[in-house]
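Below: one structure, written as C-alpha cells.
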Amino acid sequence: MMEFVTQVGETITNCLAYVGALASLTCRASYYAFVGPFRGKHPRWLSAVSQATEVGVRALPILSLITFFIGLILALQSAYELRKLGALSYVASAVAISITRELGPLITAILVIGRSGSAFAAEIGTMRVTEEIDALETMAIEPVDFLMTPKFLAMIVMMPCLTMWANTMGLLGGSVFGVAQADFTWVRYMRSSLDALFLRDIVTGLIKSVMFGITITAVGCHEGFSTGAGAEEIGRSTTQAVVISIFLVIAVDLVFTALFFFAGNR
Amino acid sequence: MAESTREFAQAGAVISVRDLRVQYGEREILHGINFDVERSQTLVILGGSGSGKSTLLRTLVGLEKPSAGQIWMKGQDIAAISRAEMDEIRKKIGMSFQGGALFGSMTVGENVALPLREHTELEDSTIEIIVRLKLDQVGLAGFEDYMPSELSGGMKKRAAVARALAMDPEILFFDEPSAGLDPIIAAGIDHLILQLKKAFHMTVIVVTHELSSAFLIADRMVLIDKGNIVEIGTTEEMRSSRHPRVRQFLDRVAEPEVSQELDYLQMLTEDNRGAGRMAGWRRGA
C-alpha cells in the first residue's frame with residue numbers, strides 16, 4: 001500500500017516537473033522571440049518564415065482534405081439524428097458550431113503534431129546526437145534561441161491561420177451534404193451557418209489553437225533537447241513527442257473549454 | 001577572493017586548470033586535474049576510452065560544469081562565471097567536434113558563416129570573403145555551396161575546422177581529430193593542425209588516443225587514466241617516462257588477461273571504465 005502511494009506521488013511529481021520544464025522552455029523561447037530583438041540579439045524572422053512555410057503552407061493540402069471530410073461526416077452524422085426530429089435544416093448550424101468551436105482547432109492540432117511536432121523532436125534530437133547542439137553552445141549561440149524560437153514564432157502565427165482554413169473547409173464539406181440531401185442552396189447553407197455562429201465561437205477556437213501551437217512546440221523541442229545518446233533515442237523521443245503532445249493538447253483543450261464555458265455563463 | 005586564487009594560475013599560461021573535479025551524479029569522472037597550457041603551444045590530451053579525456057575537453061569549453069576546482073582562461077575562472085561571460089570567452093575559442101557537427105540543413109559556406117552572422121555586424125559580402133578565406137585555409141576552396149552530407153569524412157572535419165576558425169579564435173580545441181579517418185586523411189588533418197599552429201601561433205588542445213598523430217603535433221602531452229593525470233611533459237619526457245601506465249599506453253600492451261569470471265565481474269564493477277558510458281546516460285537524463 002505504502003509503495004503504491006509512493007509511486008503515485010512520484011508519478012505526480014514527475015508530471016509536474018515535466019510541465020514545469022515545458023513552461024520554462026516556452027518562457028525562454030518567448031523571451032528570445034519578443035524581448036531579445038530589443039536587447040541587440042538578431043531577430044529570427046527569416047528562419048521563422050521558412051518554418052512557417054514548413055508547418056503552415058505545406059500542411060494545407062492534407063489539412064484541407066481531412067477537414068473537408070470531417071465536415072461531410074459531421075453533416076451525415078447529425079442528419080441521422082436531426083432527420084428523426086424533422087429538423088434537417090439545422091444541419092448547417094450543427095456542423096458550423098462543432099467545427100469552429102471544437103473540431104477545427106483539434107483536428108488541426110493533431111495533424112500538426114503528426115507533421116511538425118514529431119519533426120521538431122527528430123530534428124533537434126538528431127542534432128543532439130551528432131553534437132550539433134554542443135557545437136552551437138561552443139559558438140556562443142543559445143540553442144533554444146537558434147532552434148526553438150523560429151519554430152515557436154511560426155507555430156503561434158500559423159496555428160490560428162490553419163485553424164481558420166480548417167473551419168472553412170469543414171463548412172464546405174458540410175455544405176456538400178446540405179446541398180445534395182437537405183434542400184439547401186450553397187448560399188442558403190452558408191448563410192444559415194454564419195447565422196448560427198457567434199464571433200465568440202470562432203475566437204475561442206482560435207485562442208485554443210494558439211495554446212495548442214505553444215504546447216506542440218514545447219513538447220517537440222523539449223523531447224528533442226532531452227534526447228540521449230544513440231540513434232534509437234531519436235525514435236524514442238519522436239514517439240514520445242507525438243504521444244505526449246496529443247495528450248497535452250486534449251488536456252489544454254479541456255481546460256480552455258471549461259474556462260470559456262464558465263466565463264461565458266457569468 | 002578572486003585575486004588570491006588568480007595567483008594559482010601560472011603567469012603566461014593561456015589556460016590553467018587547478019584541482020578540477022567533474023561529477024556525473026554520484027560518480028566522479030575527474031579526480032583533481034592540474035595543468036597549464038602556454039600561449040602558442042599544442043597540448044595533446046592522451047587517454048584510453050573512458051579515461052575522462054573527453055569529459056576534460058567538454059569541461060574546458062564549458063559544456064560540463066566542474067563540481068570543484070578552477071579553470072582559468074583569459075584571466076577568468078570559467079567554473080564560476082555566468083553564461084553571458086562564458087559566451088564572451090567562447091567567441092574567442094574554436095572547437096572541432098569528433099564527427100564535425102556541421103549543421104546538416106545548411107551549406108558548408110553557411111556553416112562557416114554562422115558564427116560571423118550571429119556575433120558580428122559584418123556585411124554579407126565581407127562574410128562571404130572571410131568564408132572563402134577560411135575554407136581555403138583548410139583546403140576546401142570552392143566547396144561553399146556543398147551540403148555537409150555531400151562531403152567525405154575528412155572533408156567534413158576540415159569544414160568543421162574552418163567553422164571553428166571563423167571568429168579567429170585564440171584557442172582551438174580538437175576532439176579526436178583523426179577518429180574514423182583513413183591514415184592518409186588523418187595525416188592530412190595532423191598537417192592542417194601543424195600549419196595552423198605555425199601560421200597563426202594558435203594555442204591548440206587536442207584530445208586523442210592516436211599515438212602517432214599525438215607525437216607529431218604535440219609540444220606537451222598529458223596522459224589521463226581513470227580520471228587522474230598519470231604523466232605530463234614534453235614529447236621526449238613522455239617517451240622516456242618510466243611510469244608503468246605510460247609505458248603500457250605507449251607500448252600498446254593489452255590489459256592482463258582476466259581468466260576467472262569472478263575477477264572479470266570484479267573488474268567491471270570496481271573499475272572506472274564505465275565512466276564514459278555514464279556520461280552518455282547523464283546527458284540522456
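For the C-alpha cells, the naming scheme is as follows: chains receive sequential letters (A, B, ...) according to their order of presentation, residues are indexed from 1 within each chain, and ligands are indexed from 1 in presentation order.
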*asked:* Tell me as a VMD selection string which residues belonging to chain A come within 12 Å of chain B, counting only C-alpha atoms.
replied: chain A and resid 40 to 44 47 123 to 142 145 to 147 223 to 230 232 to 234 236 to 237
Just the selected residues (N, CA and C atoms), exported as a compact mmCIF listing (two decimals), in the first residue's frame, please.
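The resulting part25.txt:
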# COMPACT_ATOMS: atom_id res chain seq x y z
N GLY A 40 19.46 43.78 -28.64
CA GLY A 40 20.60 43.64 -29.54
C GLY A 40 20.81 42.25 -30.09
N LYS A 41 19.86 41.33 -29.81
CA LYS A 41 20.00 40.00 -30.41
C LYS A 41 19.40 40.03 -31.81
N HIS A 42 19.92 39.16 -32.67
CA HIS A 42 19.36 39.10 -34.01
C HIS A 42 17.97 38.50 -33.94
N PRO A 43 16.97 39.17 -34.52
CA PRO A 43 15.66 38.53 -34.58
C PRO A 43 15.71 37.38 -35.58
N ARG A 44 14.83 36.41 -35.36
CA ARG A 44 14.90 35.20 -36.18
C ARG A 44 13.79 35.17 -37.22
N SER A 47 14.32 32.68 -40.43
CA SER A 47 14.11 31.24 -40.23
C SER A 47 12.69 30.97 -39.75
N GLU A 123 14.37 16.43 -35.46
CA GLU A 123 15.43 17.34 -35.91
C GLU A 123 16.37 17.71 -34.77
N ILE A 124 15.78 18.16 -33.66
CA ILE A 124 16.61 18.58 -32.54
C ILE A 124 17.30 17.38 -31.91
N GLY A 125 16.58 16.24 -31.87
CA GLY A 125 17.19 15.03 -31.32
C GLY A 125 18.41 14.59 -32.12
N THR A 126 18.29 14.64 -33.44
CA THR A 126 19.43 14.28 -34.29
C THR A 126 20.59 15.24 -34.03
N MET A 127 20.28 16.51 -33.89
CA MET A 127 21.34 17.49 -33.64
C MET A 127 22.01 17.25 -32.29
N ARG A 128 21.23 16.75 -31.33
CA ARG A 128 21.80 16.42 -30.03
C ARG A 128 22.79 15.25 -30.18
N VAL A 129 22.35 14.23 -30.91
CA VAL A 129 23.16 13.02 -31.06
C VAL A 129 24.45 13.31 -31.84
N THR A 130 24.36 14.17 -32.87
CA THR A 130 25.55 14.44 -33.67
C THR A 130 26.38 15.61 -33.12
N GLU A 131 26.12 15.99 -31.88
CA GLU A 131 26.87 17.05 -31.17
C GLU A 131 26.67 18.44 -31.77
N GLU A 132 25.65 18.60 -32.64
CA GLU A 132 25.44 19.92 -33.23
C GLU A 132 24.96 20.93 -32.18
N ILE A 133 24.21 20.43 -31.18
CA ILE A 133 23.75 21.33 -30.11
C ILE A 133 24.95 21.81 -29.30
N ASP A 134 25.87 20.86 -29.01
CA ASP A 134 27.10 21.25 -28.31
C ASP A 134 27.89 22.25 -29.13
N ALA A 135 27.92 22.02 -30.45
CA ALA A 135 28.65 22.94 -31.33
C ALA A 135 28.05 24.34 -31.24
N LEU A 136 26.72 24.42 -31.23
CA LEU A 136 26.07 25.74 -31.09
C LEU A 136 26.52 26.41 -29.81
N GLU A 137 26.54 25.63 -28.72
CA GLU A 137 26.92 26.22 -27.44
C GLU A 137 28.35 26.72 -27.44
N THR A 138 29.26 25.93 -28.03
CA THR A 138 30.65 26.39 -28.04
C THR A 138 30.84 27.58 -28.96
N MET A 139 29.88 27.80 -29.89
CA MET A 139 29.96 29.00 -30.71
C MET A 139 29.23 30.17 -30.05
N ALA A 140 28.86 29.99 -28.79
CA ALA A 140 28.16 31.03 -28.02
C ALA A 140 26.80 31.36 -28.64
N ILE A 141 26.17 30.36 -29.26
CA ILE A 141 24.82 30.55 -29.78
C ILE A 141 23.88 29.72 -28.90
N GLU A 142 22.89 30.39 -28.34
CA GLU A 142 21.96 29.71 -27.45
C GLU A 142 21.05 28.78 -28.26
N ASP A 145 17.36 29.66 -28.45
CA ASP A 145 17.16 30.84 -29.30
C ASP A 145 17.24 30.45 -30.77
N PHE A 146 18.27 29.71 -31.10
CA PHE A 146 18.56 29.42 -32.50
C PHE A 146 17.56 28.43 -33.10
N LEU A 147 17.19 27.41 -32.30
CA LEU A 147 16.38 26.33 -32.86
C LEU A 147 14.90 26.46 -32.53
N GLU A 223 11.40 17.29 -26.02
CA GLU A 223 11.79 15.90 -26.29
C GLU A 223 13.06 15.86 -27.12
N GLY A 224 13.19 16.76 -28.07
CA GLY A 224 14.39 16.81 -28.89
C GLY A 224 15.62 17.13 -28.06
N PHE A 225 15.52 18.17 -27.24
CA PHE A 225 16.68 18.59 -26.44
C PHE A 225 17.07 17.53 -25.42
N SER A 226 16.10 16.74 -24.93
CA SER A 226 16.45 15.77 -23.90
C SER A 226 16.75 14.40 -24.49
N THR A 227 16.97 14.33 -25.80
CA THR A 227 17.35 13.06 -26.42
C THR A 227 18.70 12.60 -25.89
N GLY A 228 18.80 11.31 -25.59
CA GLY A 228 20.07 10.77 -25.11
C GLY A 228 20.98 10.40 -26.26
N ALA A 229 22.02 9.64 -25.95
CA ALA A 229 22.97 9.26 -27.00
C ALA A 229 22.44 8.07 -27.79
N GLY A 230 22.66 8.09 -29.10
CA GLY A 230 22.30 6.93 -29.92
C GLY A 230 21.10 7.17 -30.81
N GLU A 232 18.69 5.18 -31.68
CA GLU A 232 17.39 4.67 -31.24
C GLU A 232 16.69 5.67 -30.32
N GLU A 233 17.49 6.53 -29.69
CA GLU A 233 16.92 7.55 -28.81
C GLU A 233 16.11 8.57 -29.60
N ILE A 234 16.51 8.80 -30.85
CA ILE A 234 15.78 9.78 -31.67
C ILE A 234 14.38 9.26 -31.93
N ARG A 236 12.78 7.17 -30.08
CA ARG A 236 12.05 7.20 -28.82
C ARG A 236 11.50 8.60 -28.55
N SER A 237 12.35 9.63 -28.74
CA SER A 237 11.85 10.97 -28.41
C SER A 237 10.80 11.44 -29.41
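The protein and nucleic acid residues lying at most 7 Å from Asp219 of chain B are Gln41, Thr42, Leu43, Thr234 and Thr235 of chain B, with only C-alpha atoms considered and sequence neighbours fewer than 4 positions away removed.
The gap separating atom CA of Arg188 of chain A from atom CA of Arg101 of chain A is 21.3 Å, in Å to one decimal.
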If you count only C-alpha atoms, which residues fall within 10 Å of segment 65-80 of chain B, apart from same-chain ones fewer than 5 positions away, as a CSV table (one decimal) with C-alpha atoms, in the first residue's frame?
chain,number,residue,atom,x,y,z
B,2,ALA,CA,39.3,36.1,-7.0
B,5,THR,CA,43.0,32.3,-6.4
B,6,ARG,CA,44.3,34.1,-9.5
B,8,PHE,CA,47.4,29.9,-8.6
B,9,ALA,CA,47.2,30.5,-12.3
B,10,GLN,CA,50.7,30.4,-13.8
B,13,ALA,CA,49.6,30.4,-19.3
B,14,VAL,CA,46.5,30.7,-21.5
B,15,ILE,CA,44.7,28.0,-19.6
B,16,SER,CA,45.4,27.0,-16.1
B,17,VAL,CA,43.5,24.1,-14.6
B,18,ARG,CA,43.5,23.7,-10.8
B,19,ASP,CA,42.3,20.7,-8.9
B,20,LEU,CA,39.5,20.2,-11.4
B,21,ARG,CA,36.9,17.7,-10.4
B,22,VAL,CA,33.9,16.7,-12.5
B,23,GLN,CA,31.0,14.6,-11.3
B,24,TYR,CA,28.1,12.9,-13.1
B,28,GLU,CA,33.3,11.4,-10.0
B,30,LEU,CA,37.9,13.6,-13.0
B,31,HIS,CA,39.6,13.5,-9.6
B,32,GLY,CA,41.6,16.7,-9.3
B,33,ILE,CA,43.3,17.6,-12.5
B,34,ASN,CA,46.1,20.2,-12.7
B,35,PHE,CA,47.9,21.5,-15.7
B,36,ASP,CA,48.8,24.7,-17.7
B,37,VAL,CA,48.8,25.4,-21.3
B,55,THR,CA,34.9,14.9,-20.3
B,56,LEU,CA,38.0,17.1,-19.6
B,58,ARG,CA,34.0,19.3,-22.6
B,59,THR,CA,34.6,20.9,-19.3
B,60,LEU,CA,37.3,23.2,-20.8
B,85,GLU,CA,30.5,35.9,-19.5
B,86,MET,CA,31.2,32.4,-20.8
B,89,ILE,CA,35.0,33.7,-23.9
B,92,LYS,CA,37.5,33.6,-28.7
B,170,GLU,CA,42.9,32.3,-29.8
B,171,ILE,CA,42.5,28.8,-28.6
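Atom pair atom CA of Ser54 of chain B / atom CA of Glu38 of chain B has a distance of 20.5 Å (rounded to one decimal).
Shortest separation to Ile202 of chain A among A:Leu106, A:Val5, A:Leu85, A:Ile99 occurs at residue A:Ile99, atoms counted being only C-alpha atoms.
Picture a line from atom CA of Ala119 of chain A to atom CA of Gly104 of chain A; it runs 21.9 Å.
Minimum distance to Arg245 of chain B across B:Gly233, B:Ala214, B:Asn228, B:Phe173 (counting only C-alpha atoms) occurs at B:Asn228.
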Extract, using only C-alpha atoms, all DNA, RNA and protein residues at most 12 Å from Asp253 of chain A, discarding same-chain residues fewer than 6 positions from it, and format them as a PDB file with N, CA and C atoms, in the first residue's frame.
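Final file, selection.pdb:
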ATOM      1  N   ARG A 101     -15.975  25.528 -32.996  1.00  0.00           N
ATOM      2  CA  ARG A 101     -15.670  25.533 -31.569  1.00  0.00           C
ATOM      3  C   ARG A 101     -14.689  24.431 -31.189  1.00  0.00           C
ATOM      4  N   GLU A 102     -14.785  23.283 -31.832  1.00  0.00           N
ATOM      5  CA  GLU A 102     -14.010  22.160 -31.328  1.00  0.00           C
ATOM      6  C   GLU A 102     -13.161  21.457 -32.387  1.00  0.00           C
ATOM      7  N   LEU A 103     -13.833  20.938 -33.421  1.00  0.00           N
ATOM      8  CA  LEU A 103     -13.100  20.020 -34.292  1.00  0.00           C
ATOM      9  C   LEU A 103     -12.072  20.715 -35.170  1.00  0.00           C
ATOM     10  N   PRO A 105     -10.029  23.400 -34.543  1.00  0.00           N
ATOM     11  CA  PRO A 105      -8.754  23.524 -33.817  1.00  0.00           C
ATOM     12  C   PRO A 105      -8.136  22.174 -33.470  1.00  0.00           C
ATOM     13  N   LEU A 106      -8.963  21.214 -33.057  1.00  0.00           N
ATOM     14  CA  LEU A 106      -8.416  19.938 -32.584  1.00  0.00           C
ATOM     15  C   LEU A 106      -7.812  19.124 -33.717  1.00  0.00           C
ATOM     16  N   ILE A 107      -8.558  19.008 -34.825  1.00  0.00           N
ATOM     17  CA  ILE A 107      -8.032  18.235 -35.963  1.00  0.00           C
ATOM     18  C   ILE A 107      -6.749  18.893 -36.486  1.00  0.00           C
ATOM     19  N   ALA A 109      -4.644  20.647 -34.765  1.00  0.00           N
ATOM     20  CA  ALA A 109      -3.569  20.383 -33.807  1.00  0.00           C
ATOM     21  C   ALA A 109      -3.029  18.970 -33.996  1.00  0.00           C
ATOM     22  N   ILE A 110      -3.920  18.008 -34.144  1.00  0.00           N
ATOM     23  CA  ILE A 110      -3.464  16.615 -34.259  1.00  0.00           C
ATOM     24  C   ILE A 110      -2.660  16.416 -35.531  1.00  0.00           C
ATOM     25  N   THR A 204     -12.853  31.787 -29.643  1.00  0.00           N
ATOM     26  CA  THR A 204     -12.400  30.811 -28.648  1.00  0.00           C
ATOM     27  C   THR A 204     -11.626  29.678 -29.333  1.00  0.00           C
ATOM     28  N   GLY A 205     -12.098  29.274 -30.505  1.00  0.00           N
ATOM     29  CA  GLY A 205     -11.385  28.236 -31.248  1.00  0.00           C
ATOM     30  C   GLY A 205      -9.981  28.686 -31.596  1.00  0.00           C
ATOM     31  N   LEU A 206      -9.851  29.939 -32.006  1.00  0.00           N
ATOM     32  CA  LEU A 206      -8.531  30.438 -32.399  1.00  0.00           C
ATOM     33  C   LEU A 206      -7.604  30.569 -31.191  1.00  0.00           C
ATOM     34  N   ILE A 207      -8.173  31.017 -30.073  1.00  0.00           N
ATOM     35  CA  ILE A 207      -7.338  31.116 -28.860  1.00  0.00           C
ATOM     36  C   ILE A 207      -6.822  29.727 -28.489  1.00  0.00           C
ATOM     37  N   LYS A 208      -7.723  28.753 -28.537  1.00  0.00           N
ATOM     38  CA  LYS A 208      -7.296  27.385 -28.237  1.00  0.00           C
ATOM     39  C   LYS A 208      -6.183  26.950 -29.180  1.00  0.00           C
ATOM     40  N   SER A 209      -6.336  27.300 -30.462  1.00  0.00           N
ATOM     41  CA  SER A 209      -5.337  26.830 -31.431  1.00  0.00           C
ATOM     42  C   SER A 209      -3.955  27.414 -31.133  1.00  0.00           C
ATOM     43  N   VAL A 210      -3.915  28.670 -30.655  1.00  0.00           N
ATOM     44  CA  VAL A 210      -2.619  29.245 -30.284  1.00  0.00           C
ATOM     45  C   VAL A 210      -2.022  28.463 -29.112  1.00  0.00           C
ATOM     46  N   MET A 211      -2.865  28.139 -28.131  1.00  0.00           N
ATOM     47  CA  MET A 211      -2.373  27.366 -26.990  1.00  0.00           C
ATOM     48  C   MET A 211      -1.873  25.982 -27.439  1.00  0.00           C
ATOM     49  N   PHE A 212      -2.602  25.377 -28.378  1.00  0.00           N
ATOM     50  CA  PHE A 212      -2.159  24.082 -28.905  1.00  0.00           C
ATOM     51  C   PHE A 212      -0.791  24.231 -29.557  1.00  0.00           C
ATOM     52  N   GLY A 213      -0.643  25.299 -30.337  1.00  0.00           N
ATOM     53  CA  GLY A 213       0.637  25.526 -31.026  1.00  0.00           C
ATOM     54  C   GLY A 213       1.781  25.633 -30.045  1.00  0.00           C
ATOM     55  N   THR A 215       1.867  24.413 -27.012  1.00  0.00           N
ATOM     56  CA  THR A 215       2.072  23.098 -26.392  1.00  0.00           C
ATOM     57  C   THR A 215       2.881  22.177 -27.309  1.00  0.00           C
ATOM     58  N   SER A 245       2.275  15.114 -26.822  1.00  0.00           N
ATOM     59  CA  SER A 245       1.592  16.275 -27.415  1.00  0.00           C
ATOM     60  C   SER A 245       0.092  16.020 -27.541  1.00  0.00           C
ATOM     61  N   ILE A 246      -0.267  14.835 -28.039  1.00  0.00           N
ATOM     62  CA  ILE A 246      -1.698  14.547 -28.211  1.00  0.00           C
ATOM     63  C   ILE A 246      -2.402  14.625 -26.869  1.00  0.00           C
ATOM     64  N   PHE A 247      -1.789  14.002 -25.868  1.00  0.00           N
ATOM     65  CA  PHE A 247      -2.410  14.038 -24.539  1.00  0.00           C
ATOM     66  C   PHE A 247      -2.536  15.470 -24.025  1.00  0.00           C
ATOM     67  N   LEU A 259     -12.943  26.723 -19.153  1.00  0.00           N
ATOM     68  CA  LEU A 259     -12.745  28.135 -18.836  1.00  0.00           C
ATOM     69  C   LEU A 259     -13.742  29.005 -19.595  1.00  0.00           C
ATOM     70  N   PHE A 260     -13.854  28.762 -20.911  1.00  0.00           N
ATOM     71  CA  PHE A 260     -14.769  29.554 -21.737  1.00  0.00           C
ATOM     72  C   PHE A 260     -16.211  29.299 -21.320  1.00  0.00           C
ATOM     73  N   PHE A 261     -16.478  28.027 -20.954  1.00  0.00           N
ATOM     74  CA  PHE A 261     -17.840  27.667 -20.563  1.00  0.00           C
ATOM     75  C   PHE A 261     -18.268  28.456 -19.335  1.00  0.00           C
TER      76      PHE A 261
END
*Mind checking DSSP for segment 15-189 of chain B and telling me the alpha helix (DSSP H) residues as a VMD selection string?*
chain B and resid 53 to 60 83 to 90 108 to 119 124 to 137 153 to 165 183 to 189
